[in-house]
>>> print(open('work_13.cif').read())   # mmCIF, C-alpha atoms
data_entry
loop_
_atom_site.label_atom_id
_atom_site.label_comp_id
_atom_site.auth_asym_id
_atom_site.auth_seq_id
_atom_site.Cartn_x
_atom_site.Cartn_y
_atom_site.Cartn_z
CA MET A 1 0.00 0.00 0.00
CA ASP A 2 1.18 3.53 -0.75
CA ALA A 3 2.58 5.14 2.40
CA VAL A 4 0.77 8.42 1.90
CA ALA A 5 -2.54 6.56 1.71
CA GLN A 6 -2.11 5.19 5.22
CA GLN A 7 -2.78 6.83 8.56
CA ILE A 8 0.30 8.72 9.75
CA GLY A 9 1.18 9.29 13.39
CA VAL A 10 3.85 11.67 14.69
CA ILE A 11 5.44 11.24 18.13
CA GLY A 12 7.02 14.56 19.06
CA THR A 13 6.01 18.00 17.88
CA GLY A 14 9.30 19.83 17.50
CA GLU A 15 10.66 21.72 14.50
CA ILE A 16 11.43 18.68 12.33
CA ALA A 17 8.01 17.13 12.99
CA GLU A 18 6.39 20.40 11.96
CA VAL A 19 8.55 20.53 8.82
CA MET A 20 7.40 17.05 7.79
CA ILE A 21 3.73 17.69 8.51
CA ALA A 22 3.74 21.03 6.69
CA GLY A 23 5.71 19.48 3.81
CA LEU A 24 3.16 16.71 3.33
CA ARG A 25 0.33 19.24 3.30
CA HIS A 26 2.28 21.52 0.95
CA ALA A 27 2.63 18.55 -1.43
CA GLY A 28 -1.13 18.07 -1.39
CA ILE A 29 -1.07 14.90 0.72
CA ALA A 30 -4.42 14.84 2.50
CA THR A 31 -3.84 11.67 4.53
CA PRO A 32 -5.06 12.10 8.12
CA ILE A 33 -2.21 12.78 10.55
CA VAL A 34 -2.33 12.23 14.32
CA VAL A 35 0.20 14.11 16.45
CA SER A 36 1.22 13.63 20.04
CA PRO A 37 0.09 16.09 22.71
CA ARG A 38 3.61 16.44 24.17
CA SER A 39 3.89 20.14 23.25
CA ILE A 40 0.24 21.05 23.51
CA ASP A 41 0.64 24.64 22.33
CA ARG A 42 2.43 23.61 19.13
CA SER A 43 0.11 20.65 18.60
CA ALA A 44 -2.97 22.85 18.97
CA ARG A 45 -1.54 25.47 16.62
CA LEU A 46 -0.75 22.87 13.97
CA ALA A 47 -4.24 21.42 14.27
CA ASP A 48 -5.70 24.89 13.72
CA GLU A 49 -3.45 25.66 10.74
CA LEU A 50 -3.41 22.36 8.86
CA PRO A 51 -6.40 20.33 7.62
CA ASP A 52 -7.09 16.81 8.86
CA LEU A 53 -4.61 17.08 11.71
CA VAL A 54 -5.70 15.50 14.99
CA VAL A 55 -4.06 15.76 18.40
CA GLY A 56 -3.97 12.35 20.08
CA GLU A 57 -4.77 11.83 23.73
CA SER A 58 -1.36 10.25 24.36
CA ASN A 59 1.62 8.84 22.49
CA GLN A 60 0.07 5.38 22.65
CA ASP A 61 -3.16 6.77 21.23
CA VAL A 62 -1.17 8.15 18.30
CA VAL A 63 0.42 4.74 17.69
CA ASP A 64 -2.88 2.89 18.02
CA ARG A 65 -4.50 5.12 15.40
CA SER A 66 -1.63 4.97 12.89
CA SER A 67 -0.04 2.45 10.55
CA LEU A 68 3.02 4.62 9.87
CA VAL A 69 4.64 6.23 12.93
CA ILE A 70 7.23 9.00 12.72
CA VAL A 71 9.35 9.34 15.87
CA ALA A 72 10.60 12.91 16.18
CA VAL A 73 11.52 13.37 19.84
CA LEU A 74 14.79 14.69 21.24
CA PRO A 75 17.63 12.11 21.43
CA SER A 76 17.60 12.36 25.22
CA GLN A 77 13.89 11.45 25.27
CA LEU A 78 14.01 8.55 22.81
CA ASP A 79 14.58 5.64 25.20
CA ASP A 80 11.90 6.70 27.65
CA VAL A 81 9.37 7.26 24.88
CA LEU A 82 9.90 4.06 22.88
CA VAL A 83 9.95 1.59 25.76
CA GLN A 84 6.48 2.74 26.85
CA LEU A 85 4.85 2.14 23.47
CA ASP A 86 3.29 -0.92 21.86
CA PHE A 87 3.71 -0.78 18.06
CA ALA A 88 1.68 -3.90 17.31
CA GLY A 89 -0.30 -3.31 14.12
CA CYS A 90 2.10 -0.71 12.71
CA ASP A 91 3.64 -1.17 9.27
CA LEU A 92 6.61 1.16 9.76
CA VAL A 93 8.44 3.15 12.42
CA LEU A 94 10.44 6.01 10.89
CA SER A 95 12.91 7.71 13.22
CA VAL A 96 14.13 11.23 12.47
CA VAL A 97 16.22 11.25 15.66
CA ALA A 98 19.91 11.79 14.93
CA GLY A 99 22.61 9.53 16.30
CA ARG A 100 20.66 6.35 17.06
CA SER A 101 21.16 3.28 14.89
CA ALA A 102 18.30 1.32 13.38
CA ALA A 103 19.36 -1.72 15.41
CA SER A 104 19.19 0.20 18.69
CA LEU A 105 15.76 1.52 17.76
CA ALA A 106 14.51 -1.96 16.88
CA SER A 107 15.81 -3.31 20.19
CA MET A 108 13.49 -0.95 22.07
CA ILE A 109 10.42 -2.04 20.07
CA ASP A 110 9.04 -5.37 21.29
CA VAL A 111 7.13 -6.28 18.12
CA ASP A 112 8.56 -7.06 14.68
CA VAL A 113 8.01 -3.78 12.86
CA PRO A 114 10.25 -2.44 10.06
CA VAL A 115 12.38 0.46 11.29
CA ALA A 116 13.97 3.14 9.11
CA ARG A 117 15.90 6.36 9.72
CA ALA A 118 15.72 9.70 7.93
CA ILE A 119 16.99 13.22 8.55
CA PRO A 120 14.64 15.85 7.09
CA MET A 121 15.72 19.50 7.04
CA PRO A 122 13.82 22.82 7.02
CA PRO A 123 13.70 23.16 3.17
CA ASN A 124 11.69 19.93 3.05
CA ARG A 125 8.76 22.03 4.25
CA ASP A 126 8.52 23.27 0.64
CA GLY A 127 9.40 19.98 -1.03
CA ARG A 128 13.04 20.94 -1.56
CA GLY A 129 16.32 19.45 -0.48
CA PRO A 130 17.73 16.00 0.24
CA ILE A 131 16.54 13.47 2.79
CA PRO A 132 18.95 10.66 3.71
CA LEU A 133 17.18 7.33 4.25
CA PHE A 134 18.33 4.02 5.71
CA PRO A 135 17.40 1.38 4.79
CA ASP A 136 15.58 1.91 1.49
CA LEU A 137 12.18 0.62 2.61
CA PRO A 138 9.42 1.31 0.06
CA LEU A 139 6.95 2.63 2.65
CA ALA A 140 9.54 5.03 4.02
CA ARG A 141 10.59 6.20 0.56
CA ASN A 142 6.99 6.79 -0.52
CA LEU A 143 6.32 8.78 2.64
CA LEU A 144 9.40 10.99 2.18
CA GLU A 145 9.41 11.58 -1.58
CA PRO A 146 6.79 14.37 -1.43
CA LEU A 147 9.17 16.25 0.90
CA GLY A 148 12.30 16.30 -1.28
CA ARG A 149 14.90 14.13 -2.97
CA VAL A 150 15.35 10.88 -1.10
CA VAL A 151 18.99 9.76 -0.98
CA ALA A 152 18.84 6.17 0.23
CA VAL A 153 21.83 4.10 1.35
CA GLU A 154 22.13 0.46 2.30
CA ASP A 155 25.13 0.97 4.59
CA GLU A 156 24.21 2.73 7.82
CA SER A 157 27.72 4.17 8.14
CA HIS A 158 27.04 6.07 4.91
CA PHE A 159 23.84 7.42 6.45
CA ASP A 160 25.95 8.86 9.27
CA VAL A 161 28.20 10.58 6.71
CA LEU A 162 25.21 12.15 4.95
CA THR A 163 23.89 13.28 8.31
CA GLY A 164 27.24 14.90 9.04
CA GLY A 165 27.12 16.73 5.72
CA SER A 166 23.82 18.32 6.69
CA ALA A 167 25.67 20.12 9.51
CA THR A 168 27.01 22.56 6.89
CA MET A 169 23.68 24.41 6.74
CA GLY A 170 24.81 27.07 9.20
CA ALA A 171 28.11 27.48 7.32
CA PHE A 172 26.21 28.01 4.07
CA PHE A 173 24.11 30.75 5.60
CA GLY A 174 27.24 32.19 7.18
CA LEU A 175 28.96 32.43 3.78
CA THR A 176 25.83 33.88 2.16
CA ALA A 177 25.43 36.49 4.91
CA THR A 178 29.15 37.38 4.78
CA ILE A 179 29.09 38.10 1.05
CA ALA A 180 25.84 40.07 1.28
CA GLY A 181 27.23 41.99 4.25
CA TRP A 182 30.41 42.83 2.33
CA MET A 183 28.27 44.20 -0.50
CA ARG A 184 26.29 46.35 1.95
CA ASP A 185 29.53 47.65 3.47
CA HIS A 186 30.44 48.91 0.02
CA GLY A 187 27.18 50.76 -0.47
CA VAL A 188 24.93 48.20 -2.16
CA PRO A 189 21.38 48.39 -0.75
CA ALA A 190 20.60 45.45 1.53
CA GLY A 191 17.76 44.16 -0.64
CA ALA A 192 19.86 44.18 -3.80
CA ALA A 193 22.80 42.50 -2.04
CA ALA A 194 20.64 39.73 -0.61
CA ALA A 195 18.84 39.18 -3.93
CA TYR A 196 22.11 38.96 -5.86
CA VAL A 197 23.85 36.52 -3.51
CA THR A 198 20.89 34.19 -3.06
CA GLU A 199 20.13 34.11 -6.79
CA LEU A 200 23.82 33.48 -7.51
CA PHE A 201 24.02 30.51 -5.18
CA GLU A 202 20.70 29.09 -6.38
CA SER A 203 21.86 29.21 -9.99
CA LEU A 204 25.21 27.63 -9.13
CA ALA A 205 23.47 24.84 -7.20
CA PHE A 206 21.18 24.25 -10.20
CA GLU A 207 24.24 23.90 -12.44
CA ALA A 208 25.99 21.62 -9.95
CA LYS A 209 22.99 19.26 -9.86
CA ALA A 210 23.44 18.58 -13.58
CA LEU A 211 27.04 17.42 -13.14
CA ASP A 212 28.02 13.80 -12.67
CA PRO A 213 30.22 13.01 -9.63
CA ASP A 214 33.48 13.18 -11.59
CA GLU A 215 32.56 16.53 -13.15
CA LEU A 216 31.57 17.91 -9.77
CA ALA A 217 34.92 16.91 -8.27
CA VAL A 218 36.87 18.99 -10.81
CA ARG A 219 34.38 21.83 -11.27
CA PRO A 220 36.25 24.20 -8.90
CA GLU A 221 39.14 24.14 -11.39
CA THR A 222 37.25 23.90 -14.68
CA CYS A 223 35.10 26.95 -13.89
CA LEU A 224 38.16 29.19 -13.58
CA THR A 225 39.73 31.60 -16.02
CA PRO A 226 43.52 31.59 -15.49
CA GLY A 227 44.41 34.75 -13.63
CA GLY A 228 40.72 35.61 -13.24
CA LEU A 229 38.69 36.81 -10.29
CA ASN A 230 37.28 33.39 -9.37
CA GLU A 231 40.77 31.92 -9.36
CA GLN A 232 41.99 34.63 -7.00
CA VAL A 233 39.30 33.90 -4.42
CA LEU A 234 39.64 30.11 -4.71
CA ARG A 235 43.43 30.21 -4.38
CA GLY A 236 43.21 32.63 -1.46
CA LEU A 237 40.84 30.33 0.42
CA ASP A 238 42.98 27.32 -0.44
CA ASP A 239 46.14 29.05 0.77
CA ALA A 240 44.35 29.85 4.04
CA GLU A 241 43.51 26.12 4.33
CA VAL A 242 39.80 26.93 4.54
CA PHE A 243 38.80 23.73 2.74
CA ASP A 244 41.09 21.67 4.96
CA HIS A 245 39.37 23.19 7.99
CA VAL A 246 35.97 22.29 6.50
CA ARG A 247 37.02 18.65 6.18
CA GLU A 248 38.41 18.72 9.72
CA GLN A 249 35.12 19.98 11.11
CA LEU A 250 33.18 17.37 9.14
CA ASP A 251 35.40 14.65 10.61
CA ARG A 252 34.61 15.98 14.08
CA ILE A 253 30.90 16.03 13.29
CA LEU A 254 31.05 12.41 12.11
CA VAL A 255 32.68 11.36 15.37
CA ARG A 256 29.90 13.13 17.26
CA VAL A 257 27.16 11.57 15.11
CA ARG A 258 28.56 8.10 15.73
CA ALA A 259 29.23 8.60 19.43
#
>>> encode(input="work_13.cif", output="structure tokens")
Amino acid sequence: MDAVAQQIGVIGTGEIAEVMIAGLRHAGIATPIVVSPRSIDRSARLADELPDLVVGESNQDVVDRSSLVIVAVLPSQLDDVLVQLDFAGCDLVLSVVAGRSAASLASMIDVDVPVARAIPMPPNRDGRGPIPLFPDLPLARNLLEPLGRVVAVEDESHFDVLTGGSATMGAFFGLTATIAGWMRDHGVPAGAAAAYVTELFESLAFEAKALDPDELAVRPETCLTPGGLNEQVLRGLDDAEVFDHVREQLDRILVRVRA
């Protein structure tokens, strides 16, 4: 059965849960969704804003009324939440909690229910951006595809690497804000500076998506004019070991993800 045709339950009502719920509605998915009452203010607001959204009486009530259950609690809450729930009758448990393996999740669920992991991000609210998935279960893929591009892996260690890569979101916004701020410092109106930088990066990302992996690997060099402006910036950053520092931070993130 198609995942988006089944009843969906959401345990946890934080930012990522809201992103997924809003993304499904944005994609036109009208499947009834039951959310937990853990954060009653957010749950009530979502129920008011989004059609066919119901606040369950408890986490177990959410599970009992759903065939697909999304677990979106904080990592520190995960153990306490899962051990109290009976998932009998569920077709899938999808965890969006970072740093917990599928095996550890399955060990806390008494019944034999397929378990998958995914890491949605804020752009998925509008159906944009990647979503790492492990393993590539059809029900999980069908549920996530309306939210963005599913990047499924069959090796959970690769899922951890993709998760680590998502930690560059703040750095991306930092680079974007730095360039726009530099433009403002030199007299460009704030609106024009922001429009130029964001359009520039969007167009470059669009071009990068069309490249195969080998082309992408060499694109920093093949896009340059010898002695040109782009070369000056790239070489300056390389001389300052900026890219080495990026890799170093990603290594540290991966250690943290796998801790």
>>> resolve_selection(input="work_13.cif", expression="the PyMOL selection byres ((chain A and resi 115-124) around 9)", output="VMD selection string")
chain A and resid 15 to 17 19 to 20 22 to 23 92 to 98 100 to 103 105 to 106 113 to 114 125 to 137 140 144 146 to 149 159 163 166
>>> resolve_selection(input="work_13.cif", expression="the PyMOL selection byres ((chain A and resi 4-13) around 6)", output="VMD selection string")
chain A and resid 2 to 3 14 17 31 to 36 62 66 to 73 143
>>> closest_residue(input="work_13.cif", among="A:Ala30, A:Val197, A:Ala259, A:Val188", to="Leu53 of chain A", atoms="all atoms listed in the file")
A:Ala30
>>> residues_near_point(input="work_13.cif", point="(11.2, -0.8, 23.9)", cutoff="6 Å", atoms="only C-alpha atoms", output="list in words")
Leu82, Val83, Met108, Ile109 and Asp110 of chain A
>>> closest_residue(input="work_13.cif", among="A:Asp64, A:Pro213, A:Ala152, A:Asp52", to="Leu24 of chain A", atoms="only C-alpha atoms")
A:Asp52
>>> residues_around(input="work_13.cif", residues="Ala177 of chain A", least_positions_apart="3", cutoff="12 Å", atoms="only C-alpha atoms", output="ChimeraX atom specification")
/A:170-174,180-185,190,193-198,201
>>> write_last_selection(input="work_13.cif", atoms="C-alpha atoms", output="PDB file, in the frame of the given file")
ATOM      1  CA  GLY A 170      24.810  27.070   9.200  1.00  0.00           C
ATOM      2  CA  ALA A 171      28.110  27.480   7.320  1.00  0.00           C
ATOM      3  CA  PHE A 172      26.210  28.010   4.070  1.00  0.00           C
ATOM      4  CA  PHE A 173      24.110  30.750   5.600  1.00  0.00           C
ATOM      5  CA  GLY A 174      27.240  32.190   7.180  1.00  0.00           C
ATOM      6  CA  ALA A 180      25.840  40.070   1.280  1.00  0.00           C
ATOM      7  CA  GLY A 181      27.230  41.990   4.250  1.00  0.00           C
ATOM      8  CA  TRP A 182      30.410  42.830   2.330  1.00  0.00           C
ATOM      9  CA  MET A 183      28.270  44.200  -0.500  1.00  0.00           C
ATOM     10  CA  ARG A 184      26.290  46.350   1.950  1.00  0.00           C
ATOM     11  CA  ASP A 185      29.530  47.650   3.470  1.00  0.00           C
ATOM     12  CA  ALA A 190      20.600  45.450   1.530  1.00  0.00           C
ATOM     13  CA  ALA A 193      22.800  42.500  -2.040  1.00  0.00           C
ATOM     14  CA  ALA A 194      20.640  39.730  -0.610  1.00  0.00           C
ATOM     15  CA  ALA A 195      18.840  39.180  -3.930  1.00  0.00           C
ATOM     16  CA  TYR A 196      22.110  38.960  -5.860  1.00  0.00           C
ATOM     17  CA  VAL A 197      23.850  36.520  -3.510  1.00  0.00           C
ATOM     18  CA  THR A 198      20.890  34.190  -3.060  1.00  0.00           C
ATOM     19  CA  PHE A 201      24.020  30.510  -5.180  1.00  0.00           C
TER      20      PHE A 201
END
>>> resolve_selection(input="work_13.cif", expression="the PyMOL selection byres ((chain A and resi 243-248) around 12)", output="compact mmCIF listing (two decimals) with C-alpha atoms, in the coordinates of the input")
# COMPACT_ATOMS: atom_id res chain seq x y z
CA VAL A 161 28.20 10.58 6.71
CA GLY A 164 27.24 14.90 9.04
CA GLY A 165 27.12 16.73 5.72
CA ALA A 167 25.67 20.12 9.51
CA THR A 168 27.01 22.56 6.89
CA ALA A 171 28.11 27.48 7.32
CA PHE A 172 26.21 28.01 4.07
CA PRO A 220 36.25 24.20 -8.90
CA LEU A 234 39.64 30.11 -4.71
CA ARG A 235 43.43 30.21 -4.38
CA GLY A 236 43.21 32.63 -1.46
CA LEU A 237 40.84 30.33 0.42
CA ASP A 238 42.98 27.32 -0.44
CA ASP A 239 46.14 29.05 0.77
CA ALA A 240 44.35 29.85 4.04
CA GLU A 241 43.51 26.12 4.33
CA VAL A 242 39.80 26.93 4.54
CA GLN A 249 35.12 19.98 11.11
CA LEU A 250 33.18 17.37 9.14
CA ASP A 251 35.40 14.65 10.61
CA ARG A 252 34.61 15.98 14.08
CA ILE A 253 30.90 16.03 13.29
CA LEU A 254 31.05 12.41 12.11
CA VAL A 255 32.68 11.36 15.37
>>> atom_distance(input="work_13.cif", atom1="atom CA of Ala217 of chain A", atom2="atom CA of Leu204 of chain A")
14.5 Å
>>> atom_distance(input="work_13.cif", atom1="atom CA of Leu85 of chain A", atom2="atom CA of Val63 of chain A")
7.7 Å
>>> atom_distance(input="work_13.cif", atom1="atom CA of Arg65 of chain A", atom2="atom CA of Cys90 of chain A")
9.2 Å
>>> build_atoms(input="work_13.cif", residues="segment 93-124 of chain A", atoms="N, CA and C atoms", output="mmCIF file, in the frame of the given file")
data_model
loop_
_atom_site.group_PDB
_atom_site.id
_atom_site.type_symbol
_atom_site.label_atom_id
_atom_site.label_comp_id
_atom_site.auth_asym_id
_atom_site.auth_seq_id
_atom_site.Cartn_x
_atom_site.Cartn_y
_atom_site.Cartn_z
ATOM 1 N N VAL A 93 8.011 2.118 11.477
ATOM 2 C CA VAL A 93 8.440 3.150 12.420
ATOM 3 C C VAL A 93 9.595 3.891 11.751
ATOM 4 N N LEU A 94 9.418 5.177 11.531
ATOM 5 C CA LEU A 94 10.440 6.010 10.890
ATOM 6 C C LEU A 94 10.986 6.981 11.924
ATOM 7 N N SER A 95 12.270 6.828 12.246
ATOM 8 C CA SER A 95 12.910 7.710 13.220
ATOM 9 C C SER A 95 13.617 8.843 12.501
ATOM 10 N N VAL A 96 13.390 10.074 12.978
ATOM 11 C CA VAL A 96 14.130 11.230 12.470
ATOM 12 C C VAL A 96 15.007 11.780 13.603
ATOM 13 N N VAL A 97 15.360 10.905 14.532
ATOM 14 C CA VAL A 97 16.220 11.250 15.660
ATOM 15 C C VAL A 97 17.659 10.960 15.277
ATOM 16 N N ALA A 98 18.517 11.952 15.343
ATOM 17 C CA ALA A 98 19.910 11.790 14.930
ATOM 18 C C ALA A 98 20.676 10.946 15.942
ATOM 19 N N GLY A 99 21.650 10.181 15.436
ATOM 20 C CA GLY A 99 22.610 9.530 16.300
ATOM 21 C C GLY A 99 22.205 8.210 16.919
ATOM 22 N N ARG A 100 21.069 7.637 16.520
ATOM 23 C CA ARG A 100 20.660 6.350 17.060
ATOM 24 C C ARG A 100 20.470 5.366 15.918
ATOM 25 N N SER A 101 21.176 4.248 15.975
ATOM 26 C CA SER A 101 21.160 3.280 14.890
ATOM 27 C C SER A 101 19.803 2.600 14.779
ATOM 28 N N ALA A 102 19.550 2.049 13.601
ATOM 29 C CA ALA A 102 18.300 1.320 13.380
ATOM 30 C C ALA A 102 18.215 0.115 14.303
ATOM 31 N N ALA A 103 19.356 -0.544 14.534
ATOM 32 C CA ALA A 103 19.360 -1.720 15.410
ATOM 33 C C ALA A 103 18.996 -1.339 16.838
ATOM 34 N N SER A 104 19.516 -0.206 17.327
ATOM 35 C CA SER A 104 19.190 0.200 18.690
ATOM 36 C C SER A 104 17.730 0.589 18.808
ATOM 37 N N LEU A 105 17.185 1.181 17.754
ATOM 38 C CA LEU A 105 15.760 1.520 17.760
ATOM 39 C C LEU A 105 14.915 0.253 17.795
ATOM 40 N N ALA A 106 15.281 -0.717 16.938
ATOM 41 C CA ALA A 106 14.510 -1.960 16.880
ATOM 42 C C ALA A 106 14.562 -2.703 18.199
ATOM 43 N N SER A 107 15.682 -2.592 18.919
ATOM 44 C CA SER A 107 15.810 -3.310 20.190
ATOM 45 C C SER A 107 14.870 -2.767 21.258
ATOM 46 N N MET A 108 14.407 -1.541 21.088
ATOM 47 C CA MET A 108 13.490 -0.950 22.070
ATOM 48 C C MET A 108 12.028 -1.159 21.687
ATOM 49 N N ILE A 109 11.795 -1.766 20.531
ATOM 50 C CA ILE A 109 10.420 -2.040 20.070
ATOM 51 C C ILE A 109 10.191 -3.536 20.174
ATOM 52 N N ASP A 110 9.243 -3.949 21.000
ATOM 53 C CA ASP A 110 9.040 -5.370 21.290
ATOM 54 C C ASP A 110 8.539 -6.158 20.098
ATOM 55 N N VAL A 111 7.726 -5.548 19.238
ATOM 56 C CA VAL A 111 7.130 -6.280 18.120
ATOM 57 C C VAL A 111 7.999 -6.144 16.881
ATOM 58 N N ASP A 112 7.762 -7.030 15.914
ATOM 59 C CA ASP A 112 8.560 -7.060 14.680
ATOM 60 C C ASP A 112 7.976 -6.060 13.684
ATOM 61 N N VAL A 113 8.466 -4.840 13.754
ATOM 62 C CA VAL A 113 8.010 -3.780 12.860
ATOM 63 C C VAL A 113 9.226 -3.220 12.114
ATOM 64 N N PRO A 114 9.129 -3.033 10.794
ATOM 65 C CA PRO A 114 10.250 -2.440 10.060
ATOM 66 C C PRO A 114 10.600 -1.065 10.616
ATOM 67 N N VAL A 115 11.897 -0.809 10.764
ATOM 68 C CA VAL A 115 12.380 0.460 11.290
ATOM 69 C C VAL A 115 13.306 1.104 10.267
ATOM 70 N N ALA A 116 13.110 2.389 10.027
ATOM 71 C CA ALA A 116 13.970 3.140 9.110
ATOM 72 C C ALA A 116 14.366 4.451 9.768
ATOM 73 N N ARG A 117 15.422 5.066 9.227
ATOM 74 C CA ARG A 117 15.900 6.360 9.720
ATOM 75 C C ARG A 117 15.933 7.367 8.584
ATOM 76 N N ALA A 118 15.639 8.613 8.913
ATOM 77 C CA ALA A 118 15.720 9.700 7.930
ATOM 78 C C ALA A 118 16.085 10.974 8.684
ATOM 79 N N ILE A 119 16.658 11.924 7.956
ATOM 80 C CA ILE A 119 16.990 13.220 8.550
ATOM 81 C C ILE A 119 16.444 14.331 7.656
ATOM 82 N N PRO A 120 15.177 14.710 7.840
ATOM 83 C CA PRO A 120 14.640 15.850 7.090
ATOM 84 C C PRO A 120 15.287 17.160 7.565
ATOM 85 N N MET A 121 15.184 18.189 6.721
ATOM 86 C CA MET A 121 15.720 19.500 7.040
ATOM 87 C C MET A 121 14.677 20.561 6.709
ATOM 88 N N PRO A 122 14.845 21.790 7.219
ATOM 89 C CA PRO A 122 13.820 22.820 7.020
ATOM 90 C C PRO A 122 13.345 23.023 5.584
ATOM 91 N N PRO A 123 14.214 22.966 4.538
ATOM 92 C CA PRO A 123 13.700 23.160 3.170
ATOM 93 C C PRO A 123 12.692 22.116 2.732
ATOM 94 N N ASN A 124 12.658 20.959 3.420
ATOM 95 C CA ASN A 124 11.690 19.930 3.050
ATOM 96 C C ASN A 124 10.256 20.390 3.285
#
